[in-house]
>>> print(open('final_14.txt').read())   # compact mmCIF, C-alpha atoms
# COMPACT_ATOMS: atom_id res chain seq x y z
CA MET A 1 -26.31 51.07 -3.00
CA ILE A 2 -23.35 53.48 -2.67
CA SER A 3 -22.09 54.53 -6.09
CA LEU A 4 -18.57 55.44 -7.15
CA LYS A 5 -19.72 59.03 -7.49
CA ASP A 6 -20.83 59.02 -3.83
CA LEU A 7 -17.43 57.73 -2.74
CA CYS A 8 -15.50 60.16 -4.94
CA PRO A 9 -17.79 63.20 -5.46
CA ASN A 10 -14.88 65.34 -6.69
CA GLN A 11 -13.39 62.79 -9.04
CA MET A 12 -11.08 64.37 -11.60
CA ASN A 13 -11.72 63.54 -15.24
CA PHE A 14 -9.04 63.67 -17.92
CA ASP A 15 -10.57 63.57 -21.40
CA ILE A 16 -8.17 63.35 -24.35
CA LEU A 17 -9.00 64.11 -27.98
CA THR A 18 -6.55 62.18 -30.12
CA LEU A 19 -6.21 60.23 -33.33
CA PHE A 20 -4.39 57.49 -31.41
CA PRO A 21 -6.40 56.65 -28.25
CA ASP A 22 -4.62 53.33 -27.77
CA MET A 23 -1.46 55.20 -26.79
CA PHE A 24 -2.98 56.05 -23.41
CA GLY A 25 -3.62 52.51 -22.17
CA SER A 26 -0.31 51.24 -20.85
CA PRO A 27 1.24 54.41 -19.35
CA PHE A 28 -1.54 54.80 -16.79
CA SER A 29 -2.46 51.17 -16.11
CA GLY A 30 0.25 50.36 -13.56
CA SER A 31 2.13 51.77 -10.59
CA ILE A 32 0.70 54.46 -8.32
CA LEU A 33 -1.48 56.17 -10.92
CA GLY A 34 -3.06 52.91 -12.03
CA LYS A 35 -3.98 52.05 -8.45
CA ALA A 36 -5.37 55.55 -7.87
CA ALA A 37 -7.52 55.28 -10.99
CA ASP A 38 -8.79 51.88 -9.83
CA ARG A 39 -9.80 53.53 -6.54
CA GLY A 40 -11.83 56.10 -8.46
CA LEU A 41 -9.70 59.13 -7.63
CA PHE A 42 -9.60 60.13 -11.29
CA ARG A 43 -10.53 58.83 -14.75
CA ILE A 44 -8.51 58.94 -17.95
CA ARG A 45 -10.70 58.74 -21.04
CA PRO A 46 -9.08 58.87 -24.50
CA HIS A 47 -11.49 59.71 -27.33
CA ASN A 48 -10.88 59.13 -31.02
CA LEU A 49 -11.33 62.46 -32.76
CA ARG A 50 -12.51 60.63 -35.87
CA ASP A 51 -15.74 59.81 -34.02
CA TRP A 52 -16.75 63.45 -34.57
CA ALA A 53 -15.54 63.73 -38.16
CA GLU A 54 -18.05 63.78 -41.00
CA GLY A 55 -18.15 61.85 -44.25
CA LYS A 56 -17.42 58.28 -45.21
CA HIS A 57 -13.70 58.51 -44.49
CA LYS A 58 -13.93 60.46 -41.22
CA VAL A 59 -11.32 62.97 -42.32
CA THR A 60 -9.83 65.10 -39.52
CA ASP A 61 -7.16 66.98 -41.50
CA ASP A 62 -6.71 68.82 -44.78
CA THR A 63 -4.09 70.68 -46.83
CA PRO A 64 -3.22 74.20 -45.64
CA TYR A 65 -4.58 77.26 -47.44
CA GLY A 66 -1.76 79.12 -49.12
CA GLY A 67 0.18 75.96 -49.79
CA GLY A 68 2.94 74.31 -47.85
CA ASP A 69 4.02 70.89 -46.68
CA GLY A 70 2.00 68.63 -44.39
CA MET A 71 -1.59 68.61 -43.24
CA VAL A 72 -3.56 70.73 -40.77
CA MET A 73 -6.15 69.45 -38.30
CA LYS A 74 -9.66 70.65 -39.20
CA PRO A 75 -11.72 72.74 -36.74
CA GLU A 76 -15.13 71.06 -37.20
CA PRO A 77 -14.36 67.69 -35.51
CA VAL A 78 -12.69 69.45 -32.58
CA ALA A 79 -15.63 71.84 -32.10
CA ALA A 80 -18.15 68.99 -32.21
CA ALA A 81 -16.12 66.90 -29.77
CA LEU A 82 -15.76 69.75 -27.28
CA THR A 83 -19.49 70.42 -27.41
CA ASP A 84 -20.20 66.80 -26.45
CA LEU A 85 -17.48 66.51 -23.81
CA LYS A 86 -18.46 69.76 -22.10
CA ARG A 87 -22.13 68.85 -21.93
CA GLY A 88 -22.98 68.55 -18.23
CA SER A 89 -19.51 69.73 -17.21
CA PRO A 90 -19.54 73.54 -17.28
CA ARG A 91 -16.28 73.71 -15.30
CA SER A 92 -14.28 71.84 -17.93
CA ARG A 93 -10.92 73.34 -18.85
CA THR A 94 -9.59 72.75 -22.36
CA LEU A 95 -5.85 72.45 -23.02
CA LEU A 96 -4.13 72.44 -26.41
CA MET A 97 -0.82 70.59 -26.68
CA THR A 98 1.36 72.69 -28.97
CA PRO A 99 5.04 73.70 -29.25
CA GLN A 100 3.80 77.32 -29.33
CA GLY A 101 2.29 77.02 -25.84
CA THR A 102 3.51 78.07 -22.42
CA ILE A 103 6.24 75.83 -21.05
CA PHE A 104 4.54 73.54 -18.53
CA ARG A 105 5.82 73.89 -14.95
CA GLN A 106 5.01 72.52 -11.51
CA GLU A 107 2.90 75.58 -10.71
CA HIS A 108 0.63 74.69 -13.63
CA ALA A 109 0.28 71.12 -12.36
CA ARG A 110 -0.82 72.42 -8.96
CA ALA A 111 -3.42 74.68 -10.53
CA LEU A 112 -4.76 71.99 -12.86
CA ALA A 113 -5.05 69.47 -10.02
CA ALA A 114 -7.77 71.66 -8.51
CA GLU A 115 -9.91 71.52 -11.65
CA GLU A 116 -12.97 69.30 -12.06
CA LYS A 117 -12.35 68.19 -15.64
CA LEU A 118 -9.53 68.67 -18.13
CA ILE A 119 -9.90 68.17 -21.87
CA PHE A 120 -6.69 67.70 -23.86
CA ILE A 121 -6.46 68.39 -27.58
CA CYS A 122 -3.51 66.52 -29.08
CA GLY A 123 -2.27 68.20 -32.23
CA ARG A 124 -0.77 66.24 -35.12
CA TYR A 125 0.83 66.87 -38.49
CA GLU A 126 1.69 70.55 -39.11
CA GLY A 127 -0.57 71.70 -36.27
CA VAL A 128 -4.18 72.78 -35.89
CA ASP A 129 -6.37 75.22 -37.74
CA GLU A 130 -5.82 78.60 -36.08
CA ARG A 131 -9.55 78.88 -35.27
CA ILE A 132 -9.23 75.99 -32.82
CA ARG A 133 -7.23 78.27 -30.54
CA ALA A 134 -10.40 80.23 -29.75
CA MET A 135 -11.89 77.02 -28.30
CA VAL A 136 -9.21 76.41 -25.65
CA ASP A 137 -8.37 77.87 -22.25
CA ASP A 138 -4.63 77.15 -22.18
CA GLU A 139 -1.88 76.12 -24.59
CA PHE A 140 1.01 74.09 -23.20
CA SER A 141 4.37 72.81 -24.41
CA ILE A 142 6.68 70.48 -22.49
CA GLY A 143 9.87 71.81 -24.02
CA ASP A 144 11.65 73.30 -26.99
CA PHE A 145 11.74 70.21 -29.16
CA VAL A 146 9.50 68.61 -31.77
CA LEU A 147 7.32 65.53 -31.19
CA THR A 148 5.23 63.64 -33.72
CA GLY A 149 2.08 64.67 -31.87
CA GLY A 150 0.66 66.05 -28.65
CA GLU A 151 -0.08 62.68 -27.06
CA LEU A 152 3.20 62.36 -25.17
CA ALA A 153 2.92 65.94 -23.95
CA ALA A 154 -0.60 65.21 -22.68
CA MET A 155 0.67 62.12 -20.84
CA VAL A 156 3.38 64.14 -19.12
CA ILE A 157 0.91 66.79 -17.97
CA ILE A 158 -1.62 64.21 -16.82
CA ASP A 159 1.06 62.38 -14.82
CA ALA A 160 2.31 65.60 -13.18
CA THR A 161 -1.24 66.71 -12.38
CA ALA A 162 -2.79 63.42 -11.27
CA ARG A 163 -0.13 62.74 -8.63
CA LEU A 164 -1.14 65.99 -6.89
CA ILE A 165 -4.79 64.94 -6.50
CA PRO A 166 -5.47 64.27 -2.79
CA GLY A 167 -5.10 60.59 -1.96
CA VAL A 168 -3.17 59.58 -5.09
CA LEU A 169 0.29 59.38 -3.49
CA GLY A 170 -0.95 58.31 -0.08
CA ASN A 171 1.82 60.20 1.70
CA ARG A 172 1.18 63.92 1.21
CA GLY A 173 4.78 64.72 2.01
CA SER A 174 5.94 62.82 -1.06
CA SER A 175 4.73 65.57 -3.38
CA GLU A 176 5.65 68.42 -1.07
CA THR A 177 9.36 67.53 -1.11
CA ASP A 178 9.68 66.79 -4.83
CA SER A 179 11.91 68.86 -7.07
CA PHE A 180 10.18 72.11 -8.10
CA SER A 181 7.51 71.77 -5.38
CA ASP A 182 8.98 74.82 -3.61
CA GLY A 183 10.75 76.24 -6.63
CA LEU A 184 14.05 74.43 -5.93
CA LEU A 185 15.60 71.13 -6.94
CA GLU A 186 15.30 68.29 -4.43
CA TYR A 187 18.10 67.48 -1.98
CA PRO A 188 20.21 64.29 -2.43
CA GLN A 189 18.57 61.08 -1.25
CA TYR A 190 20.26 57.99 0.24
CA THR A 191 19.21 54.54 1.40
CA ARG A 192 20.95 51.36 2.59
CA PRO A 193 23.76 50.37 2.58
CA VAL A 194 25.57 53.06 4.59
CA GLU A 195 28.64 52.69 2.38
CA PHE A 196 28.75 51.73 -1.29
CA GLY A 197 31.72 51.84 -3.62
CA GLY A 198 33.69 53.84 -1.11
CA ASP A 199 30.98 56.49 -0.92
CA ARG A 200 29.37 56.89 2.50
CA VAL A 201 25.99 58.34 3.46
CA PRO A 202 26.53 61.79 5.06
CA ASP A 203 26.82 61.45 8.84
CA VAL A 204 24.12 64.05 9.46
CA LEU A 205 21.51 61.73 7.93
CA LEU A 206 22.49 59.01 10.39
CA SER A 207 22.47 61.32 13.41
CA GLY A 208 18.74 61.25 14.19
CA ASN A 209 18.89 65.03 14.71
CA HIS A 210 15.88 66.15 12.67
CA ALA A 211 16.66 69.86 12.93
CA GLU A 212 20.19 69.33 11.61
CA ILE A 213 18.91 67.03 8.88
CA ALA A 214 16.38 69.68 7.79
CA ARG A 215 19.12 72.34 7.66
CA TRP A 216 21.43 70.06 5.69
CA ARG A 217 18.71 69.24 3.19
CA ARG A 218 17.83 72.89 2.67
CA CYS A 219 21.49 73.78 2.10
CA GLN A 220 21.77 70.94 -0.39
CA GLN A 221 18.67 72.15 -2.22
CA LEU A 222 20.09 75.64 -2.51
CA ASN A 223 23.52 74.39 -3.57
CA ARG A 224 22.16 71.98 -6.17
CA THR A 225 19.75 74.54 -7.60
CA LEU A 226 22.43 77.23 -7.79
CA GLN A 227 24.81 74.96 -9.67
CA ARG A 228 22.34 73.10 -11.91
CA ARG A 229 19.35 75.40 -12.40
CA PRO A 230 20.25 78.93 -11.23
CA ASP A 231 17.33 80.28 -13.26
CA LEU A 232 14.93 78.77 -10.70
CA LEU A 233 16.28 81.01 -7.94
CA ARG A 234 14.75 84.07 -9.60
CA SER A 235 11.22 82.93 -8.79
CA ALA A 236 11.79 80.69 -5.72
CA GLU A 237 10.48 81.84 -2.34
CA LEU A 238 13.69 82.33 -0.36
CA SER A 239 14.00 83.29 3.29
CA PRO A 240 16.72 85.64 4.62
CA ALA A 241 18.49 82.53 5.96
CA ASP A 242 18.39 81.00 2.46
CA GLU A 243 19.99 84.14 1.02
CA VAL A 244 22.80 83.92 3.59
CA VAL A 245 23.46 80.29 2.65
CA LEU A 246 23.46 81.13 -1.06
CA ASP A 247 25.98 83.93 -0.49
CA GLU A 248 28.25 81.48 1.34
CA ILE A 249 27.92 78.92 -1.48
CA ARG A 250 28.72 81.57 -4.10
CA ARG A 251 31.83 82.62 -2.18
CA ASP A 252 32.96 79.00 -1.90
CA LEU A 253 32.40 78.42 -5.60
CA ALA A 254 34.27 81.61 -6.50
CA GLY A 255 37.18 80.44 -4.33
CA VAL A 256 37.27 77.09 -6.11
CA LYS A 257 37.32 78.79 -9.53
CA GLU A 258 40.15 81.10 -8.49
>>> encode(input="final_14.txt", output="structure tokens")
Amino acid sequence: MISLKDLCPNQMNFDILTLFPDMFGSPFSGSILGKAADRGLFRIRPHNLRDWAEGKHKVTDDTPYGGGDGMVMKPEPVAAALTDLKRGSPRSRTLLMTPQGTIFRQEHARALAAEEKLIFICGRYEGVDERIRAMVDDEFSIGDFVLTGGELAAMVIIDATARLIPGVLGNRGSSETDSFSDGLLEYPQYTRPVEFGGDRVPDVLLSGNHAEIARWRRCQQLNRTLQRRPDLLRSAELSPADEVVLDEIRRDLAGVKE
């Protein structure tokens, strides 16, 4: 009999260490990711960190040395959990969700999508014991704001990563033209009807001229990125033709301001 492993030998595994495993049920049960998981392209497995805690009450946190408000996650349950989850998976990569981590970007999603297994540690309370940091490969944040725990951050990273796994989206071009896929924001999109509320679809998109459509879309990407996220242009891969278009856009914008 052919097993699931035979059909999907490179199946990605997302293992999550959390105090609230039930949070991960609904977000990944429907839509494209749910269907991809049903097809065996990846697995999402939340684990209750208390399963590795010792004592009658399965305590996973304690008061901080030196005093202070809140509680700190203990290192022993995390270390025991990682030992079990890494057994038989030497290529596992461990990620800590923390506001002190590197801001997660599309480039990180692309790199993580090539991994065999990702283990997420979801911090809670005032954070984790500093010694846990020696157990992880990467620390990620999804922005400069405070959440009640790392679970939502883990969900965001899993979503961004899973959709890049071959076969998940079906149409490979869907991910290649997304915002940030080439370092720029995506161009404007339109669908039927041709006119709505007095606003008409640009004629070039109705022309059937694919070369002109491609040029228009690239110009729109550059224009939108320059006006909304100019910081992205510093690291985007731009051609000489792109630079010419950007110079023209800047001149036009300067003329409008004058």
>>> residues_around(input="final_14.txt", residues="stretch 19-29 of chain A", least_positions_apart="5", cutoff="8 Å", atoms="only C-alpha atoms", output="ChimeraX atom specification")
/A:34-35,46-50,151,155
>>> closest_atom_pairs(input="final_14.txt", of="stretch 53-141 of chain A", to="stretch 164-170 of chain A", cutoff="10 Å", atoms="all atoms listed in the file", output="CSV")
residue,atom,partner,partner_atom,distance
A:Ala109,CA,A:Leu164,CA,7.6
A:Arg110,CA,A:Leu164,CA,6.8
A:Ala111,CA,A:Leu164,CA,9.7
A:Leu112,CA,A:Leu164,CA,9.2
A:Ala113,CA,A:Ile165,CA,5.7
A:Ala114,CA,A:Ile165,CA,7.6
A:Glu115,CA,A:Ile165,CA,9.8
>>> residues_around(input="final_14.txt", residues="stretch 177-191 of chain A", least_positions_apart="4", cutoff="10 Å", atoms="all atoms listed in the file", output="NGL selection string")
:A and (105-107 or 110 or 172-173 or 195 or 200-202 or 205 or 216-226 or 228-238)
>>> closest_residue(input="final_14.txt", among="A:Ile132, A:Glu212, A:Pro77, A:Arg43", to="A:Gly55", atoms="all atoms listed in the file")
A:Pro77
>>> axis_aligned_box(input="final_14.txt", around="stretch 94-102 of chain A", padding_each_side="8 Å", output="AutoDock Vina command-line options")
--center_x -2.3 --center_y 74.3 --center_z -25.8 --size_x 30.6 --size_y 23.5 --size_z 23.0
>>> closest_residue(input="final_14.txt", among="A:Asp252, A:Glu126, A:Lys56, A:Gly197", to="A:Gly68", atoms="all atoms listed in the file")
A:Glu126
>>> decode(input="final_14.txt", residues="stretch 12-163 of chain A", atoms="C-alpha atoms", output="PDB file, in the first residue's frame")
ATOM      1  CA  MET A  12       6.801  20.117   5.652  1.00  0.00           C
ATOM      2  CA  ASN A  13       6.046  19.852   9.358  1.00  0.00           C
ATOM      3  CA  PHE A  14       5.110  22.830  11.512  1.00  0.00           C
ATOM      4  CA  ASP A  15       5.348  21.968  15.215  1.00  0.00           C
ATOM      5  CA  ILE A  16       4.161  24.605  17.692  1.00  0.00           C
ATOM      6  CA  LEU A  17       4.962  24.719  21.397  1.00  0.00           C
ATOM      7  CA  THR A  18       2.200  26.679  23.086  1.00  0.00           C
ATOM      8  CA  LEU A  19       0.077  26.854  26.203  1.00  0.00           C
ATOM      9  CA  PHE A  20      -3.010  27.261  24.015  1.00  0.00           C
ATOM     10  CA  PRO A  21      -2.940  24.586  21.265  1.00  0.00           C
ATOM     11  CA  ASP A  22      -6.642  24.998  20.499  1.00  0.00           C
ATOM     12  CA  MET A  23      -5.912  28.397  18.966  1.00  0.00           C
ATOM     13  CA  PHE A  24      -4.412  26.708  15.904  1.00  0.00           C
ATOM     14  CA  GLY A  25      -7.445  24.689  14.817  1.00  0.00           C
ATOM     15  CA  SER A  26      -9.697  27.078  12.942  1.00  0.00           C
ATOM     16  CA  PRO A  27      -7.174  29.351  11.164  1.00  0.00           C
ATOM     17  CA  PHE A  28      -5.720  26.489   9.143  1.00  0.00           C
ATOM     18  CA  SER A  29      -8.769  24.269   8.661  1.00  0.00           C
ATOM     19  CA  GLY A  30     -10.316  26.054   5.678  1.00  0.00           C
ATOM     20  CA  SER A  31      -9.479  27.771   2.415  1.00  0.00           C
ATOM     21  CA  ILE A  32      -6.342  27.001   0.410  1.00  0.00           C
ATOM     22  CA  LEU A  33      -4.131  26.025   3.343  1.00  0.00           C
ATOM     23  CA  GLY A  34      -6.714  23.626   4.741  1.00  0.00           C
ATOM     24  CA  LYS A  35      -7.012  21.873   1.390  1.00  0.00           C
ATOM     25  CA  ALA A  36      -3.222  21.698   1.036  1.00  0.00           C
ATOM     26  CA  ALA A  37      -2.909  20.151   4.493  1.00  0.00           C
ATOM     27  CA  ASP A  38      -5.599  17.603   3.598  1.00  0.00           C
ATOM     28  CA  ARG A  39      -3.532  16.687   0.525  1.00  0.00           C
ATOM     29  CA  GLY A  40      -0.526  16.033   2.760  1.00  0.00           C
ATOM     30  CA  LEU A  41       1.635  18.907   1.536  1.00  0.00           C
ATOM     31  CA  PHE A  42       2.335  19.957   5.121  1.00  0.00           C
ATOM     32  CA  ARG A  43       1.249  19.237   8.694  1.00  0.00           C
ATOM     33  CA  ILE A  44       0.492  21.683  11.488  1.00  0.00           C
ATOM     34  CA  ARG A  45       0.881  20.117  14.919  1.00  0.00           C
ATOM     35  CA  PRO A  46       0.265  22.242  18.036  1.00  0.00           C
ATOM     36  CA  HIS A  47       1.718  20.785  21.241  1.00  0.00           C
ATOM     37  CA  ASN A  48       0.764  21.779  24.763  1.00  0.00           C
ATOM     38  CA  LEU A  49       3.956  22.814  26.535  1.00  0.00           C
ATOM     39  CA  ARG A  50       2.474  21.609  29.815  1.00  0.00           C
ATOM     40  CA  ASP A  51       2.905  18.035  28.574  1.00  0.00           C
ATOM     41  CA  TRP A  52       6.634  18.458  29.265  1.00  0.00           C
ATOM     42  CA  ALA A  53       6.295  20.274  32.589  1.00  0.00           C
ATOM     43  CA  GLU A  54       7.045  18.463  35.825  1.00  0.00           C
ATOM     44  CA  GLY A  55       5.089  18.253  39.054  1.00  0.00           C
ATOM     45  CA  LYS A  56       1.440  17.846  39.898  1.00  0.00           C
ATOM     46  CA  HIS A  57       0.419  21.239  38.533  1.00  0.00           C
ATOM     47  CA  LYS A  58       2.508  21.149  35.331  1.00  0.00           C
ATOM     48  CA  VAL A  59       3.913  24.618  35.929  1.00  0.00           C
ATOM     49  CA  THR A  60       5.554  26.257  32.899  1.00  0.00           C
ATOM     50  CA  ASP A  61       6.294  29.704  34.359  1.00  0.00           C
ATOM     51  CA  ASP A  62       7.686  31.310  37.487  1.00  0.00           C
ATOM     52  CA  THR A  63       8.424  34.714  39.025  1.00  0.00           C
ATOM     53  CA  PRO A  64      11.495  36.537  37.677  1.00  0.00           C
ATOM     54  CA  TYR A  65      14.732  36.647  39.664  1.00  0.00           C
ATOM     55  CA  GLY A  66      15.428  40.174  40.802  1.00  0.00           C
ATOM     56  CA  GLY A  67      11.759  40.989  41.144  1.00  0.00           C
ATOM     57  CA  GLY A  68       9.379  42.637  38.754  1.00  0.00           C
ATOM     58  CA  ASP A  69       5.858  42.241  37.435  1.00  0.00           C
ATOM     59  CA  GLY A  70       4.553  39.212  35.564  1.00  0.00           C
ATOM     60  CA  MET A  71       5.820  35.700  35.064  1.00  0.00           C
ATOM     61  CA  VAL A  72       8.623  34.200  32.971  1.00  0.00           C
ATOM     62  CA  MET A  73       8.445  30.943  31.007  1.00  0.00           C
ATOM     63  CA  LYS A  74      10.716  28.275  32.507  1.00  0.00           C
ATOM     64  CA  PRO A  75      13.512  26.679  30.441  1.00  0.00           C
ATOM     65  CA  GLU A  76      13.080  23.026  31.514  1.00  0.00           C
ATOM     66  CA  PRO A  77       9.752  22.287  29.738  1.00  0.00           C
ATOM     67  CA  VAL A  78      10.988  23.937  26.538  1.00  0.00           C
ATOM     68  CA  ALA A  79      14.255  21.978  26.575  1.00  0.00           C
ATOM     69  CA  ALA A  80      12.437  18.675  27.152  1.00  0.00           C
ATOM     70  CA  ALA A  81       9.915  19.416  24.403  1.00  0.00           C
ATOM     71  CA  LEU A  82      12.605  20.316  21.873  1.00  0.00           C
ATOM     72  CA  THR A  83      14.504  17.125  22.653  1.00  0.00           C
ATOM     73  CA  ASP A  84      11.401  15.058  21.865  1.00  0.00           C
ATOM     74  CA  LEU A  85      10.342  17.023  18.787  1.00  0.00           C
ATOM     75  CA  LYS A  86      13.815  16.950  17.248  1.00  0.00           C
ATOM     76  CA  ARG A  87      14.229  13.217  17.740  1.00  0.00           C
ATOM     77  CA  GLY A  88      14.433  11.704  14.251  1.00  0.00           C
ATOM     78  CA  SER A  89      14.409  15.138  12.624  1.00  0.00           C
ATOM     79  CA  PRO A  90      17.998  16.442  12.673  1.00  0.00           C
ATOM     80  CA  ARG A  91      17.144  19.174  10.141  1.00  0.00           C
ATOM     81  CA  SER A  92      14.563  20.819  12.384  1.00  0.00           C
ATOM     82  CA  ARG A  93      14.775  24.598  12.686  1.00  0.00           C
ATOM     83  CA  THR A  94      13.570  26.212  15.905  1.00  0.00           C
ATOM     84  CA  LEU A  95      11.985  29.669  15.895  1.00  0.00           C
ATOM     85  CA  LEU A  96      11.196  31.825  18.923  1.00  0.00           C
ATOM     86  CA  MET A  97       8.318  34.286  18.618  1.00  0.00           C
ATOM     87  CA  THR A  98       9.422  37.415  20.471  1.00  0.00           C
ATOM     88  CA  PRO A  99       9.095  41.207  20.085  1.00  0.00           C
ATOM     89  CA  GLN A 100      12.905  41.329  20.348  1.00  0.00           C
ATOM     90  CA  GLY A 101      13.330  39.248  17.192  1.00  0.00           C
ATOM     91  CA  THR A 102      14.090  40.152  13.600  1.00  0.00           C
ATOM     92  CA  ILE A 103      11.125  41.662  11.787  1.00  0.00           C
ATOM     93  CA  PHE A 104       9.694  38.876   9.627  1.00  0.00           C
ATOM     94  CA  ARG A 105       9.775  39.575   5.871  1.00  0.00           C
ATOM     95  CA  GLN A 106       8.960  37.773   2.644  1.00  0.00           C
ATOM     96  CA  GLU A 107      12.587  36.748   2.202  1.00  0.00           C
ATOM     97  CA  HIS A 108      12.373  34.838   5.481  1.00  0.00           C
ATOM     98  CA  ALA A 109       9.211  33.064   4.329  1.00  0.00           C
ATOM     99  CA  ARG A 110      10.990  31.921   1.163  1.00  0.00           C
ATOM    100  CA  ALA A 111      13.923  30.568   3.154  1.00  0.00           C
ATOM    101  CA  LEU A 112      11.728  28.795   5.709  1.00  0.00           C
ATOM    102  CA  ALA A 113       9.613  27.178   2.979  1.00  0.00           C
ATOM    103  CA  ALA A 114      12.679  25.172   1.966  1.00  0.00           C
ATOM    104  CA  GLU A 115      13.113  23.674   5.431  1.00  0.00           C
ATOM    105  CA  GLU A 116      12.047  20.157   6.400  1.00  0.00           C
ATOM    106  CA  LYS A 117      10.603  20.951   9.826  1.00  0.00           C
ATOM    107  CA  LEU A 118       9.959  24.139  11.769  1.00  0.00           C
ATOM    108  CA  ILE A 119       9.410  24.256  15.520  1.00  0.00           C
ATOM    109  CA  PHE A 120       7.769  27.393  16.910  1.00  0.00           C
ATOM    110  CA  ILE A 121       8.128  28.474  20.529  1.00  0.00           C
ATOM    111  CA  CYS A 122       5.288  30.809  21.488  1.00  0.00           C
ATOM    112  CA  GLY A 123       6.266  33.064  24.352  1.00  0.00           C
ATOM    113  CA  ARG A 124       3.764  34.260  26.951  1.00  0.00           C
ATOM    114  CA  TYR A 125       3.618  36.527  29.979  1.00  0.00           C
ATOM    115  CA  GLU A 126       6.750  38.700  30.405  1.00  0.00           C
ATOM    116  CA  GLY A 127       8.748  36.531  28.002  1.00  0.00           C
ATOM    117  CA  VAL A 128      11.024  33.512  28.256  1.00  0.00           C
ATOM    118  CA  ASP A 129      13.955  32.644  30.450  1.00  0.00           C
ATOM    119  CA  GLU A 130      17.032  34.041  28.695  1.00  0.00           C
ATOM    120  CA  ARG A 131      18.612  30.553  28.556  1.00  0.00           C
ATOM    121  CA  ILE A 132      15.923  29.439  26.116  1.00  0.00           C
ATOM    122  CA  ARG A 133      17.508  31.685  23.494  1.00  0.00           C
ATOM    123  CA  ALA A 134      20.467  29.303  23.267  1.00  0.00           C
ATOM    124  CA  MET A 135      18.043  26.570  22.125  1.00  0.00           C
ATOM    125  CA  VAL A 136      16.702  28.390  19.047  1.00  0.00           C
ATOM    126  CA  ASP A 137      17.967  29.091  15.542  1.00  0.00           C
ATOM    127  CA  ASP A 138      16.020  32.285  14.819  1.00  0.00           C
ATOM    128  CA  GLU A 139      13.980  34.868  16.708  1.00  0.00           C
ATOM    129  CA  PHE A 140      11.159  36.602  14.838  1.00  0.00           C
ATOM    130  CA  SER A 141       8.748  39.462  15.449  1.00  0.00           C
ATOM    131  CA  ILE A 142       5.874  40.461  13.163  1.00  0.00           C
ATOM    132  CA  GLY A 143       5.946  44.129  14.088  1.00  0.00           C
ATOM    133  CA  ASP A 144       6.580  46.787  16.682  1.00  0.00           C
ATOM    134  CA  PHE A 145       3.531  46.173  18.828  1.00  0.00           C
ATOM    135  CA  VAL A 146       2.660  43.991  21.808  1.00  0.00           C
ATOM    136  CA  LEU A 147       0.541  40.814  21.646  1.00  0.00           C
ATOM    137  CA  THR A 148      -0.657  38.662  24.522  1.00  0.00           C
ATOM    138  CA  GLY A 149       1.487  35.794  23.259  1.00  0.00           C
ATOM    139  CA  GLY A 150       3.447  34.422  20.326  1.00  0.00           C
ATOM    140  CA  GLU A 151       0.620  32.305  18.927  1.00  0.00           C
ATOM    141  CA  LEU A 152      -0.702  34.896  16.483  1.00  0.00           C
ATOM    142  CA  ALA A 153       2.821  35.672  15.300  1.00  0.00           C
ATOM    143  CA  ALA A 154       3.416  31.953  14.688  1.00  0.00           C
ATOM    144  CA  MET A 155       0.176  31.745  12.678  1.00  0.00           C
ATOM    145  CA  VAL A 156       1.238  34.652  10.482  1.00  0.00           C
ATOM    146  CA  ILE A 157       4.636  33.096   9.773  1.00  0.00           C
ATOM    147  CA  ILE A 158       3.138  29.670   9.104  1.00  0.00           C
ATOM    148  CA  ASP A 159       0.618  31.179   6.675  1.00  0.00           C
ATOM    149  CA  ALA A 160       3.292  33.168   4.812  1.00  0.00           C
ATOM    150  CA  THR A 161       5.591  30.136   4.650  1.00  0.00           C
ATOM    151  CA  ALA A 162       3.094  27.379   3.859  1.00  0.00           C
ATOM    152  CA  ARG A 163       1.698  29.154   0.798  1.00  0.00           C
TER     153      ARG A 163
END
